[in-house]
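Undergrad: The file below is data32.csv, CSV, C-alpha atoms:
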```csv
chain,number,residue,atom,x,y,z
K,1,MET,CA,0.0,0.0,0.0
K,2,ILE,CA,1.3,3.5,-0.9
K,3,GLU,CA,-0.3,6.5,0.7
K,4,VAL,CA,-0.4,9.6,-1.5
K,5,VAL,CA,-0.8,12.9,0.4
K,6,GLY,CA,-1.9,16.0,-1.4
K,7,VAL,CA,0.0,19.2,-0.3
K,8,GLY,CA,-1.0,22.8,-0.9
K,9,ASP,CA,1.3,25.7,-1.3
K,10,ASP,CA,0.9,26.4,2.4
K,11,GLY,CA,2.8,23.1,3.2
K,12,TRP,CA,2.6,21.7,6.7
K,13,ASP,CA,0.3,24.4,7.9
K,14,GLY,CA,-2.4,23.4,5.4
K,15,LEU,CA,-2.4,19.7,6.3
K,16,ASP,CA,-5.2,18.3,8.5
K,17,GLY,CA,-4.5,16.0,11.4
K,18,ALA,CA,-4.8,12.8,9.3
K,19,ARG,CA,-2.4,13.9,6.7
K,20,ARG,CA,0.1,15.2,9.3
K,21,ARG,CA,0.1,11.9,11.0
K,22,LEU,CA,0.8,10.1,7.8
K,23,VAL,CA,3.7,12.3,7.0
K,24,ALA,CA,5.2,12.4,10.5
K,25,GLY,CA,5.0,8.6,10.8
K,26,ALA,CA,6.4,7.8,7.4
K,27,SER,CA,9.6,5.7,7.2
K,28,THR,CA,10.0,6.8,3.6
K,29,LEU,CA,8.8,10.0,1.9
K,30,ILE,CA,8.8,10.1,-1.9
K,31,GLY,CA,8.2,13.4,-3.7
K,32,GLY,CA,9.5,16.2,-5.8
K,33,ARG,CA,12.2,18.3,-4.3
K,34,ARG,CA,9.9,21.2,-3.4
K,35,HIS,CA,7.5,18.9,-1.5
K,36,LEU,CA,10.4,17.1,0.3
K,37,ASP,CA,11.8,20.5,1.4
K,38,LEU,CA,8.4,21.6,2.6
K,39,LEU,CA,7.6,18.5,4.7
K,40,GLY,CA,10.8,16.6,5.2
K,41,PRO,CA,11.6,18.5,8.5
K,42,HIS,CA,8.3,17.3,9.9
K,43,ALA,CA,9.3,13.6,9.4
K,44,PRO,CA,12.7,13.5,11.0
K,45,GLY,CA,13.0,9.7,10.9
K,46,ALA,CA,12.0,9.4,7.2
K,47,GLU,CA,14.2,8.7,4.3
K,48,LEU,CA,13.6,11.4,1.7
K,49,VAL,CA,13.5,9.9,-1.9
K,50,PRO,CA,13.0,12.1,-5.0
K,51,TRP,CA,10.9,10.8,-7.9
K,52,PRO,CA,13.0,9.1,-10.6
K,53,SER,CA,13.7,10.5,-14.0
K,54,PRO,CA,12.3,9.4,-16.4
K,55,LEU,CA,9.4,9.1,-14.0
K,56,ARG,CA,7.2,6.3,-15.3
K,57,ALA,CA,10.1,4.0,-16.4
K,58,GLY,CA,11.8,4.4,-13.0
K,59,LEU,CA,8.8,4.0,-10.7
K,60,PRO,CA,8.5,0.1,-10.6
K,61,GLU,CA,12.1,-0.2,-9.3
K,62,LEU,CA,11.7,2.7,-6.9
K,63,LEU,CA,8.5,1.2,-5.5
K,64,ARG,CA,10.1,-2.2,-5.1
K,65,ALA,CA,13.0,-0.7,-3.2
K,66,THR,CA,10.9,1.5,-0.9
K,67,GLY,CA,7.9,-0.9,-0.2
K,68,ASP,CA,5.2,0.9,1.8
K,69,ALA,CA,5.8,4.6,1.5
K,70,VAL,CA,4.1,8.0,1.7
K,71,ALA,CA,4.2,9.9,-1.6
K,72,LEU,CA,3.8,13.7,-1.7
K,73,ALA,CA,1.9,15.5,-4.5
K,74,SER,CA,0.5,18.9,-5.3
K,75,GLY,CA,-3.2,19.5,-4.4
K,76,ASP,CA,-5.4,16.8,-5.7
K,77,PRO,CA,-3.0,14.0,-6.7
K,78,LEU,CA,-5.6,12.6,-9.1
K,79,ARG,CA,-5.8,15.9,-11.1
K,80,SER,CA,-2.9,15.6,-13.6
K,81,GLY,CA,-0.9,14.1,-10.7
K,82,ILE,CA,1.2,11.2,-9.6
K,83,ALA,CA,-1.7,9.2,-8.1
K,84,THR,CA,-3.1,8.6,-11.6
K,85,THR,CA,0.2,7.0,-12.7
K,86,LEU,CA,0.5,5.0,-9.5
K,87,VAL,CA,-3.1,3.6,-9.8
K,88,ASP,CA,-2.4,2.7,-13.4
K,89,LEU,CA,0.8,0.8,-12.4
K,90,LEU,CA,-0.4,-0.8,-9.1
K,91,GLY,CA,-4.2,-0.8,-9.3
K,92,ALA,CA,-6.6,1.2,-7.2
K,93,ASP,CA,-6.5,-1.2,-4.2
K,94,ALA,CA,-2.8,-0.5,-3.7
K,95,VAL,CA,-3.0,3.3,-3.7
K,96,ARG,CA,-4.8,5.4,-1.1
K,97,VAL,CA,-5.2,9.1,-1.9
K,98,HIS,CA,-5.6,11.9,0.6
K,99,PRO,CA,-6.2,15.0,-1.5
K,100,ALA,CA,-5.8,18.6,-0.6
K,101,VAL,CA,-7.9,21.3,-2.2
K,102,GLY,CA,-6.7,21.4,-5.8
K,103,SER,CA,-5.3,24.5,-7.5
K,104,ASP,CA,-8.2,24.5,-10.0
K,105,ALA,CA,-10.7,24.5,-7.1
K,106,LEU,CA,-8.9,27.4,-5.4
K,107,ALA,CA,-8.8,29.3,-8.7
K,108,ARG,CA,-12.5,28.9,-9.2
K,109,ALA,CA,-13.0,30.1,-5.7
K,110,ARG,CA,-11.0,33.3,-6.4
K,111,GLN,CA,-13.0,33.8,-9.7
K,112,GLY,CA,-16.4,33.0,-8.1
K,113,TRP,CA,-17.0,30.3,-10.7
K,114,SER,CA,-19.0,27.2,-9.9
K,115,ALA,CA,-17.6,23.8,-10.8
K,116,GLU,CA,-20.4,23.3,-13.3
K,117,SER,CA,-19.6,26.5,-15.2
K,118,ALA,CA,-15.9,25.9,-15.8
K,119,THR,CA,-13.8,23.4,-17.7
K,120,VAL,CA,-10.4,22.3,-16.5
K,121,VAL,CA,-7.8,21.8,-19.2
K,122,THR,CA,-4.3,20.5,-18.4
K,123,ALA,CA,-1.3,21.7,-20.4
K,124,VAL,CA,1.2,20.4,-17.9
K,125,GLY,CA,4.0,18.9,-20.0
K,126,ARG,CA,1.7,19.2,-23.0
K,127,ASP,CA,1.0,21.4,-26.0
K,128,LEU,CA,-1.0,24.5,-25.1
K,129,ARG,CA,-3.2,23.8,-28.1
K,130,ALA,CA,-5.0,21.4,-25.9
K,131,VAL,CA,-7.2,24.3,-25.0
K,132,LEU,CA,-8.4,24.8,-28.6
K,133,PRO,CA,-11.3,22.2,-28.6
K,134,HIS,CA,-12.8,24.0,-25.6
K,135,LEU,CA,-12.9,27.5,-27.1
K,136,ALA,CA,-16.4,28.9,-27.6
K,137,PRO,CA,-18.0,32.2,-26.7
K,138,ALA,CA,-18.7,32.6,-23.0
K,139,ALA,CA,-16.7,29.4,-22.1
K,140,ARG,CA,-14.8,29.5,-18.8
K,141,LEU,CA,-11.5,27.6,-18.7
K,142,VAL,CA,-9.1,26.8,-16.0
K,143,VAL,CA,-5.8,25.9,-17.7
K,144,LEU,CA,-3.1,24.2,-15.7
K,145,CYS,CA,0.3,25.4,-16.9
K,146,SER,CA,3.8,24.0,-17.1
K,147,ASP,CA,5.7,27.1,-16.1
K,148,GLY,CA,5.6,30.9,-15.8
K,149,ALA,CA,6.0,31.4,-19.6
K,150,ASP,CA,2.8,29.6,-20.4
K,151,PRO,CA,0.3,32.5,-19.6
K,152,ALA,CA,1.9,34.7,-22.2
K,153,ARG,CA,2.1,31.8,-24.7
K,154,LEU,CA,-1.6,31.1,-24.1
K,155,GLY,CA,-2.5,34.7,-24.6
K,156,ALA,CA,-0.6,34.7,-27.9
K,157,LEU,CA,-2.4,31.5,-29.0
K,158,LEU,CA,-5.8,32.9,-28.2
K,159,ALA,CA,-5.1,36.1,-30.1
K,160,GLU,CA,-3.8,34.1,-33.1
K,161,ARG,CA,-7.0,32.1,-33.2
K,162,GLY,CA,-9.4,35.1,-32.9
K,163,TRP,CA,-10.0,35.0,-29.2
K,164,GLY,CA,-7.8,37.9,-28.2
K,165,ALA,CA,-10.7,39.7,-26.5
K,166,SER,CA,-10.8,37.0,-23.8
K,167,THR,CA,-9.9,37.9,-20.3
K,168,LEU,CA,-6.9,35.9,-19.1
K,169,THR,CA,-6.1,35.8,-15.4
K,170,ALA,CA,-2.9,34.2,-14.3
K,171,ARG,CA,-2.9,32.9,-10.7
K,172,TRP,CA,0.2,31.6,-9.0
K,173,HIS,CA,1.1,29.9,-5.6
K,174,LEU,CA,-2.6,29.6,-4.8
K,175,GLY,CA,-3.2,29.1,-1.1
K,176,GLY,CA,0.4,29.9,-0.1
K,177,PRO,CA,2.1,33.0,1.3
K,178,ASP,CA,3.4,34.0,-2.2
K,179,GLU,CA,0.0,33.9,-3.9
K,180,GLY,CA,-0.5,36.5,-6.7
K,181,ALA,CA,-2.5,37.2,-9.8
K,182,ARG,CA,-2.5,39.3,-12.9
K,183,SER,CA,-5.5,39.8,-15.3
K,184,GLU,CA,-5.4,41.3,-18.8
K,185,ARG,CA,-6.9,40.8,-22.2
K,186,ALA,CA,-5.4,37.7,-23.8
K,187,ASP,CA,-3.9,39.7,-26.7
K,188,ALA,CA,-2.2,42.1,-24.2
K,189,PHE,CA,-0.7,39.5,-21.8
K,190,ALA,CA,3.1,39.6,-21.9
K,191,GLY,CA,6.0,38.6,-19.7
K,192,GLY,CA,6.4,35.8,-17.3
K,193,THR,CA,4.9,34.9,-14.0
K,194,ALA,CA,6.0,32.6,-11.1
K,195,ASP,CA,6.2,28.9,-12.2
K,196,LEU,CA,3.4,27.5,-10.0
K,197,VAL,CA,0.7,29.0,-12.2
K,198,LEU,CA,-2.5,28.4,-13.9
K,199,CYS,CA,-4.8,30.6,-16.1
K,200,CYS,CA,-8.5,31.4,-15.8
K,201,VAL,CA,-9.9,32.3,-19.2
K,202,GLU,CA,-13.2,34.0,-19.9
K,203,VAL,CA,-13.5,33.3,-23.6
K,204,ARG,CA,-14.6,36.1,-26.0
K,205,ALA,CA,-14.2,36.4,-29.7
K,206,GLU,CA,-12.4,39.4,-31.1
K,207,ASP,CA,-15.0,39.4,-33.9
K,208,PRO,CA,-18.2,37.4,-32.9
K,209,ALA,CA,-19.2,37.2,-36.6
K,210,ALA,CA,-16.0,35.3,-37.4
K,211,VAL,CA,-16.1,32.7,-34.6
K,212,SER,CA,-13.8,29.7,-35.3
K,213,PRO,CA,-15.4,27.0,-37.3
K,214,THR,CA,-14.2,24.5,-34.8
K,215,ALA,CA,-16.2,26.0,-31.9
K,216,GLY,CA,-18.7,23.7,-30.2
K,217,PRO,CA,-19.1,20.0,-30.4
K,218,VAL,CA,-21.6,19.7,-33.2
K,219,PRO,CA,-20.2,18.1,-36.4
K,220,GLY,CA,-20.6,19.3,-40.0
K,221,ARG,CA,-17.9,21.9,-40.0
K,222,PRO,CA,-17.0,23.7,-43.3
K,223,GLU,CA,-14.4,21.9,-45.3
K,224,ASP,CA,-11.7,24.5,-44.5
K,225,PHE,CA,-11.7,23.7,-40.8
K,226,ILE,CA,-8.7,21.5,-41.7
K,227,ALA,CA,-6.0,21.6,-44.4
K,228,HIS,CA,-6.8,19.2,-47.2
K,229,ASP,CA,-6.3,18.4,-50.9
K,230,GLY,CA,-10.0,17.8,-51.6
K,231,GLN,CA,-10.0,14.2,-50.4
K,232,LEU,CA,-12.4,14.5,-47.5
K,233,THR,CA,-16.0,13.7,-46.5
K,234,LYS,CA,-18.0,16.8,-47.3
K,235,ARG,CA,-19.7,18.5,-44.4
K,236,ASP,CA,-23.4,17.5,-45.0
K,237,VAL,CA,-22.5,13.9,-45.5
K,238,ARG,CA,-20.0,14.0,-42.7
K,239,ALA,CA,-22.6,15.3,-40.3
K,240,SER,CA,-24.8,12.4,-41.3
K,241,ALA,CA,-22.0,9.9,-40.6
K,242,LEU,CA,-21.2,11.4,-37.2
K,243,ALA,CA,-24.8,11.3,-36.2
K,244,ARG,CA,-24.8,7.6,-36.8
K,245,LEU,CA,-21.3,6.9,-35.3
K,246,ARG,CA,-22.5,8.6,-32.1
K,247,PRO,CA,-19.2,9.8,-30.4
K,248,THR,CA,-19.4,9.5,-26.6
K,249,ALA,CA,-16.9,10.4,-23.9
K,250,GLY,CA,-13.8,8.2,-24.0
K,251,ALA,CA,-14.9,6.2,-27.1
K,252,HIS,CA,-12.4,5.1,-29.8
K,253,LEU,CA,-12.9,5.3,-33.6
K,254,TRP,CA,-11.3,3.5,-36.5
K,255,ASP,CA,-11.3,5.8,-39.5
K,256,LEU,CA,-10.3,3.5,-42.4
K,257,GLY,CA,-9.3,5.2,-45.6
K,258,ALA,CA,-9.1,8.5,-43.7
K,259,GLY,CA,-8.1,10.9,-46.4
K,260,ASN,CA,-7.3,14.1,-44.6
K,261,GLY,CA,-8.9,13.0,-41.4
K,262,SER,CA,-12.1,15.0,-41.3
K,263,VAL,CA,-14.3,12.3,-39.8
K,264,ALA,CA,-11.8,11.3,-37.1
K,265,LEU,CA,-11.1,14.9,-36.2
K,266,GLU,CA,-14.8,15.8,-35.9
K,267,TRP,CA,-15.3,12.6,-33.8
K,268,CYS,CA,-12.6,13.8,-31.4
K,269,LEU,CA,-14.0,17.3,-31.2
K,270,ALA,CA,-17.5,16.0,-30.5
K,271,ALA,CA,-16.9,14.5,-27.0
K,272,GLU,CA,-14.4,14.5,-24.2
K,273,ARG,CA,-11.6,12.0,-24.2
K,274,THR,CA,-12.5,10.5,-27.6
K,275,SER,CA,-9.7,9.1,-29.6
K,276,ALA,CA,-9.2,7.7,-33.1
K,277,THR,CA,-6.9,5.5,-35.2
K,278,CYS,CA,-6.7,6.6,-38.8
K,279,VAL,CA,-5.5,4.3,-41.6
K,280,GLU,CA,-4.4,6.2,-44.8
K,281,ARG,CA,-2.3,4.8,-47.6
K,282,ASP,CA,-1.0,8.1,-48.9
K,283,PRO,CA,2.0,9.3,-46.7
K,284,THR,CA,1.4,12.9,-47.5
K,285,ARG,CA,-2.2,12.8,-46.4
K,286,ALA,CA,-1.3,10.7,-43.4
K,287,GLN,CA,1.1,13.5,-42.3
K,288,ARG,CA,-1.5,16.1,-43.0
K,289,ILE,CA,-3.9,14.2,-40.6
K,290,ARG,CA,-1.2,14.5,-37.9
K,291,ASP,CA,-0.7,18.2,-38.7
K,292,ASN,CA,-4.4,18.8,-38.6
K,293,ALA,CA,-4.8,17.0,-35.3
K,294,ALA,CA,-2.0,19.1,-33.8
K,295,ALA,CA,-3.5,22.4,-35.1
K,296,LEU,CA,-6.8,21.5,-33.5
K,297,GLY,CA,-5.3,20.5,-30.1
K,298,LEU,CA,-5.9,16.8,-30.7
K,299,ALA,CA,-2.4,15.5,-31.2
K,300,GLY,CA,-2.3,13.0,-28.4
K,301,ARG,CA,-5.7,11.6,-29.3
K,302,VAL,CA,-5.2,10.7,-33.0
K,303,GLU,CA,-3.0,7.8,-34.1
K,304,VAL,CA,-2.2,7.7,-37.8
K,305,VAL,CA,-1.1,4.5,-39.6
K,306,VAL,CA,0.2,4.6,-43.1
K,307,GLY,CA,-1.2,1.6,-45.0
K,308,ASP,CA,-3.7,0.2,-47.4
K,309,THR,CA,-7.0,-0.6,-45.7
K,310,THR,CA,-7.4,-3.8,-47.7
K,311,THR,CA,-4.2,-5.3,-46.4
K,312,THR,CA,-3.4,-3.6,-43.1
K,313,ASP,CA,-3.8,-5.8,-40.1
K,314,LEU,CA,-6.4,-4.2,-37.9
K,315,ILE,CA,-6.0,-6.6,-34.9
K,316,PRO,CA,-3.2,-4.7,-33.1
K,317,PHE,CA,-5.3,-1.5,-33.0
K,318,ALA,CA,-7.2,-0.4,-29.8
K,319,THR,CA,-10.7,-2.0,-29.8
K,320,PRO,CA,-13.0,0.4,-31.5
K,321,ASP,CA,-16.4,1.6,-30.3
K,322,ALA,CA,-17.2,2.7,-33.9
K,323,VAL,CA,-15.7,2.2,-37.3
K,324,PHE,CA,-16.0,4.5,-40.3
K,325,VAL,CA,-15.0,3.3,-43.7
K,326,GLY,CA,-14.6,6.1,-46.2
K,327,GLY,CA,-12.0,4.7,-48.6
K,328,GLY,CA,-10.7,1.5,-50.0
K,329,LEU,CA,-14.0,-0.2,-49.3
K,330,ASP,CA,-14.7,-3.8,-50.2
K,331,GLU,CA,-16.6,-6.7,-48.6
K,332,ASP,CA,-13.6,-8.2,-46.9
K,333,LEU,CA,-12.7,-4.9,-45.2
K,334,LEU,CA,-16.3,-4.4,-44.0
K,335,ALA,CA,-16.3,-8.0,-42.7
K,336,ARG,CA,-13.1,-7.4,-40.7
K,337,ALA,CA,-14.3,-4.1,-39.3
K,338,TRP,CA,-17.6,-5.8,-38.3
K,339,GLN,CA,-15.8,-8.6,-36.5
K,340,ALA,CA,-13.6,-6.1,-34.6
K,341,LEU,CA,-16.6,-4.3,-33.1
K,342,PRO,CA,-17.9,-5.3,-29.6
K,343,ALA,CA,-21.6,-5.5,-29.0
K,344,GLY,CA,-23.1,-2.1,-29.3
K,345,GLY,CA,-20.3,-0.9,-31.6
K,346,ARG,CA,-21.3,1.1,-34.7
K,347,LEU,CA,-20.2,0.6,-38.3
K,348,VAL,CA,-20.8,3.4,-40.8
K,349,ALA,CA,-19.5,3.1,-44.4
K,350,HIS,CA,-19.8,5.3,-47.5
K,351,ALA,CA,-19.6,4.4,-51.2
K,352,VAL,CA,-19.7,6.6,-54.3
K,353,THR,CA,-19.0,3.9,-56.9
K,354,LEU,CA,-21.3,1.1,-58.1
K,355,GLU,CA,-18.8,-1.5,-56.9
K,356,GLY,CA,-18.6,0.1,-53.5
K,357,GLU,CA,-22.4,0.3,-53.4
K,358,GLY,CA,-22.6,-3.4,-54.2
K,359,SER,CA,-20.3,-4.2,-51.2
K,360,LEU,CA,-22.6,-2.2,-48.9
K,361,VAL,CA,-25.7,-3.9,-50.2
K,362,ALA,CA,-24.1,-7.3,-49.7
K,363,THR,CA,-22.9,-6.5,-46.2
K,364,HIS,CA,-26.3,-5.1,-45.4
K,365,GLY,CA,-27.8,-8.5,-46.4
K,366,ARG,CA,-25.7,-10.1,-43.6
K,367,THR,CA,-25.7,-7.5,-40.9
K,368,GLY,CA,-28.9,-5.6,-41.4
K,369,GLY,CA,-28.9,-1.9,-40.5
K,370,GLU,CA,-29.8,1.2,-42.4
K,371,LEU,CA,-29.0,1.9,-46.0
K,372,THR,CA,-29.4,5.5,-47.1
K,373,ARG,CA,-28.6,7.3,-50.3
K,374,VAL,CA,-27.6,10.9,-49.6
K,375,SER,CA,-27.8,13.5,-52.3
K,376,VAL,CA,-26.9,17.1,-51.7
K,377,GLU,CA,-27.4,20.1,-54.1
K,378,ARG,CA,-25.9,23.5,-53.7
K,379,ALA,CA,-27.0,26.8,-55.2
K,380,VAL,CA,-24.2,28.2,-57.4
K,381,PRO,CA,-24.2,31.1,-59.9
K,382,LEU,CA,-25.4,30.5,-63.4
K,383,GLY,CA,-24.9,33.7,-65.3
K,384,ARG,CA,-26.9,36.3,-63.5
K,385,TYR,CA,-28.9,33.7,-61.6
K,386,LEU,CA,-28.5,30.8,-59.2
K,387,SER,CA,-28.9,27.2,-60.1
K,388,TRP,CA,-28.7,23.9,-58.2
K,389,THR,CA,-25.6,21.9,-58.7
K,390,PRO,CA,-25.7,18.3,-57.4
K,391,ALA,CA,-22.8,16.7,-55.6
K,392,ARG,CA,-22.0,13.1,-56.2
K,393,ALA,CA,-24.5,10.9,-54.3
K,394,VAL,CA,-23.2,8.8,-51.4
K,395,VAL,CA,-24.6,5.5,-50.3
K,396,GLN,CA,-24.4,5.1,-46.6
K,397,LEU,CA,-24.6,1.9,-44.5
K,398,ALA,CA,-25.1,2.3,-40.7
K,399,VAL,CA,-25.4,-0.6,-38.4
K,400,THR,CA,-25.0,-1.4,-34.7
K,401,ARG,CA,-23.6,-4.7,-33.7
K,402,PRO,CA,-26.0,-6.7,-31.6
K,403,HIS,CA,-25.1,-9.1,-28.8
K,404,GLY,CA,-24.2,-12.5,-30.1
K,405,ALA,CA,-23.7,-11.4,-33.7
K,406,SER,CA,-21.3,-13.4,-35.8
```
Take the structure in the file and give it back as structure tokens.

TA:
Amino acid sequence: MIEVVGVGDDGWDGLDGARRRLVAGASTLIGGRRHLDLLGPHAPGAELVPWPSPLRAGLPELLRATGDAVALASGDPLRSGIATTLVDLLGADAVRVHPAVGSDALARARQGWSAESATVVTAVGRDLRAVLPHLAPAARLVVLCSDGADPARLGALLAERGWGASTLTARWHLGGPDEGARSERADAFAGGTADLVLCCVEVRAEDPAAVSPTAGPVPGRPEDFIAHDGQLTKRDVRASALARLRPTAGAHLWDLGAGNGSVALEWCLAAERTSATCVERDPTRAQRIRDNAAALGLAGRVEVVVGDTTTTDLIPFATPDAVFVGGGLDEDLLARAWQALPAGGRLVAHAVTLEGEGSLVATHGRTGGELTRVSVERAVPLGRYLSWTPARAVVQLAVTRPHGAS
């Protein structure tokens, strides 16, 4: 059993009796240098052991050597903290967490924001673009930062994306004797702060009429929401596909024949903690998917595999909750995708050729589901007038795998 004690910036003074007893009675204290310096003097008989570097690779050996120990962490150890890693390595039954008030809760208290009205985004050790999927007019964000340079970087990022009118409040050393804050428009925030810092952002668009096309979770964004070479599922048909794929929090998608990644990226923007594996045979497009994911703040959630969908082994991929087949479609690929889905998983496939349509009809005969032919017409100039111009019709198969399906 390892006890994980959350520590605020006020150190020993902020610990309740139970956490003080754990620290004072420890034979081994593990933590970062700052926490060991704060609490080490209150555990005179304890061996003080810093976290290994690299952290995750070195933890198993450290834990074997120290046995039962008390680990020190900032605030809530399960909020972007060491307790999450320890539970992952050891299991929940081997880790007991004693949280302090987290810095995000203290920040909301200073701002007067309820928990329900704010979203916490961690950029600790991560790309600040992780905030981008959460930007929408009137959103409230608490952004956990890596260091004192992040607030100015965040302000510049917001300004670059059209959100420069947002109010950005940097708060550092929350709850401690050196607590401080600075609040400015995002596009005017410059200079560094203390390192133990987070940012509270009240999101406003510089030009409300030109709000980012990525704002909000609803799919069907205009084609230019990503960089592409024309090989992507168009917005009206894409919205239909996403409605049937039904992204939910934490769900994983296979996007087979991903093109420039429009379906996978909209899947990830539609719900928290969603992720996707994209298979695309063209290396240039595959790299463009990676670049698009990074530009949208989704880099850690989108895996890209270069390969032909008809020959790529799908077995090693993370189990999908949904599969979209947009390119390289044939009956064998549809059958393999169907077999990979668990009960309740959704398969959506599109075809624009007669051969592809035949594969969908044959698969529908085995799996059931919904066959739809989607035809979209857009008004375009014809001389001095407007005329309807049809896009290529798309045949769509959408089916949910039932329990016991073969």

Undergrad: Compile the contact shell of stretch 184-194 of chain K as a VMD selection string: residues with an atom at most 12 Å away, counting only C-alpha atoms, same-chain residues fewer than 4 positions apart removed.

TA: chain K and resid 145 to 174 178 to 180 198 to 206

Undergrad: How would the residues just picked look written out with C-alpha atoms as a PDB file, keeping the file's coordinate frame?

TA:
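To be explicit, this is the file written out as part.pdb:
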```pdb
ATOM      1  CA  CYS K 145       0.300  25.400 -16.900  1.00  0.00           C
ATOM      2  CA  SER K 146       3.800  24.000 -17.100  1.00  0.00           C
ATOM      3  CA  ASP K 147       5.700  27.100 -16.100  1.00  0.00           C
ATOM      4  CA  GLY K 148       5.600  30.900 -15.800  1.00  0.00           C
ATOM      5  CA  ALA K 149       6.000  31.400 -19.600  1.00  0.00           C
ATOM      6  CA  ASP K 150       2.800  29.600 -20.400  1.00  0.00           C
ATOM      7  CA  PRO K 151       0.300  32.500 -19.600  1.00  0.00           C
ATOM      8  CA  ALA K 152       1.900  34.700 -22.200  1.00  0.00           C
ATOM      9  CA  ARG K 153       2.100  31.800 -24.700  1.00  0.00           C
ATOM     10  CA  LEU K 154      -1.600  31.100 -24.100  1.00  0.00           C
ATOM     11  CA  GLY K 155      -2.500  34.700 -24.600  1.00  0.00           C
ATOM     12  CA  ALA K 156      -0.600  34.700 -27.900  1.00  0.00           C
ATOM     13  CA  LEU K 157      -2.400  31.500 -29.000  1.00  0.00           C
ATOM     14  CA  LEU K 158      -5.800  32.900 -28.200  1.00  0.00           C
ATOM     15  CA  ALA K 159      -5.100  36.100 -30.100  1.00  0.00           C
ATOM     16  CA  GLU K 160      -3.800  34.100 -33.100  1.00  0.00           C
ATOM     17  CA  ARG K 161      -7.000  32.100 -33.200  1.00  0.00           C
ATOM     18  CA  GLY K 162      -9.400  35.100 -32.900  1.00  0.00           C
ATOM     19  CA  TRP K 163     -10.000  35.000 -29.200  1.00  0.00           C
ATOM     20  CA  GLY K 164      -7.800  37.900 -28.200  1.00  0.00           C
ATOM     21  CA  ALA K 165     -10.700  39.700 -26.500  1.00  0.00           C
ATOM     22  CA  SER K 166     -10.800  37.000 -23.800  1.00  0.00           C
ATOM     23  CA  THR K 167      -9.900  37.900 -20.300  1.00  0.00           C
ATOM     24  CA  LEU K 168      -6.900  35.900 -19.100  1.00  0.00           C
ATOM     25  CA  THR K 169      -6.100  35.800 -15.400  1.00  0.00           C
ATOM     26  CA  ALA K 170      -2.900  34.200 -14.300  1.00  0.00           C
ATOM     27  CA  ARG K 171      -2.900  32.900 -10.700  1.00  0.00           C
ATOM     28  CA  TRP K 172       0.200  31.600  -9.000  1.00  0.00           C
ATOM     29  CA  HIS K 173       1.100  29.900  -5.600  1.00  0.00           C
ATOM     30  CA  LEU K 174      -2.600  29.600  -4.800  1.00  0.00           C
ATOM     31  CA  ASP K 178       3.400  34.000  -2.200  1.00  0.00           C
ATOM     32  CA  GLU K 179       0.000  33.900  -3.900  1.00  0.00           C
ATOM     33  CA  GLY K 180      -0.500  36.500  -6.700  1.00  0.00           C
ATOM     34  CA  LEU K 198      -2.500  28.400 -13.900  1.00  0.00           C
ATOM     35  CA  CYS K 199      -4.800  30.600 -16.100  1.00  0.00           C
ATOM     36  CA  CYS K 200      -8.500  31.400 -15.800  1.00  0.00           C
ATOM     37  CA  VAL K 201      -9.900  32.300 -19.200  1.00  0.00           C
ATOM     38  CA  GLU K 202     -13.200  34.000 -19.900  1.00  0.00           C
ATOM     39  CA  VAL K 203     -13.500  33.300 -23.600  1.00  0.00           C
ATOM     40  CA  ARG K 204     -14.600  36.100 -26.000  1.00  0.00           C
ATOM     41  CA  ALA K 205     -14.200  36.400 -29.700  1.00  0.00           C
ATOM     42  CA  GLU K 206     -12.400  39.400 -31.100  1.00  0.00           C
TER      43      GLU K 206
END
```

Undergrad: Using all atoms listed in the file, which of the listed residues (K:Val4, K:Ala83, K:Val302, K:Leu132) sits closest to K:Ala69?

TA: K:Val4

Undergrad: When distances are computed from all atoms listed in the file, which of K:Ala107, K:Leu298, K:Leu334, K:Ala270 shows the smallest separation from K:Ala249?

TA: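 Once distances to K:Ala249 are computed over all atoms listed in the file, the minimum belongs to K:Ala270.
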
Undergrad: Please list as an NGL selection string every residue within 12 Å of K:Pro177, counting all atoms listed in the file and excluding residues in the same chain fewer than 5 positions away.

TA: :K and (8-11 or 13-14 or 172)

Undergrad: Would you mind listing what lies within 9 Å of stretch 366-379 of chain K as a list in words, with all atoms listed in the file counted and same-chain residues fewer than 6 positions away left out?

TA: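 In the requested format, the answer is Asp236, Val237, Ser240, Trp338, Leu360, Leu386, Ser387, Trp388, Thr389, Pro390, Ala391, Arg392, Ala393, Val394, Val395, Gln396, Leu397, Ala398, Val399, Thr400, Arg401, Ala405 and Ser406 of chain K.
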
Undergrad: Let's have the selection written as a CSV table (one decimal), in the frame of the given file, with C-alpha atoms.

TA:
```csv
chain,number,residue,atom,x,y,z
K,236,ASP,CA,-23.4,17.5,-45.0
K,237,VAL,CA,-22.5,13.9,-45.5
K,240,SER,CA,-24.8,12.4,-41.3
K,338,TRP,CA,-17.6,-5.8,-38.3
K,360,LEU,CA,-22.6,-2.2,-48.9
K,386,LEU,CA,-28.5,30.8,-59.2
K,387,SER,CA,-28.9,27.2,-60.1
K,388,TRP,CA,-28.7,23.9,-58.2
K,389,THR,CA,-25.6,21.9,-58.7
K,390,PRO,CA,-25.7,18.3,-57.4
K,391,ALA,CA,-22.8,16.7,-55.6
K,392,ARG,CA,-22.0,13.1,-56.2
K,393,ALA,CA,-24.5,10.9,-54.3
K,394,VAL,CA,-23.2,8.8,-51.4
K,395,VAL,CA,-24.6,5.5,-50.3
K,396,GLN,CA,-24.4,5.1,-46.6
K,397,LEU,CA,-24.6,1.9,-44.5
K,398,ALA,CA,-25.1,2.3,-40.7
K,399,VAL,CA,-25.4,-0.6,-38.4
K,400,THR,CA,-25.0,-1.4,-34.7
K,401,ARG,CA,-23.6,-4.7,-33.7
K,405,ALA,CA,-23.7,-11.4,-33.7
K,406,SER,CA,-21.3,-13.4,-35.8
```
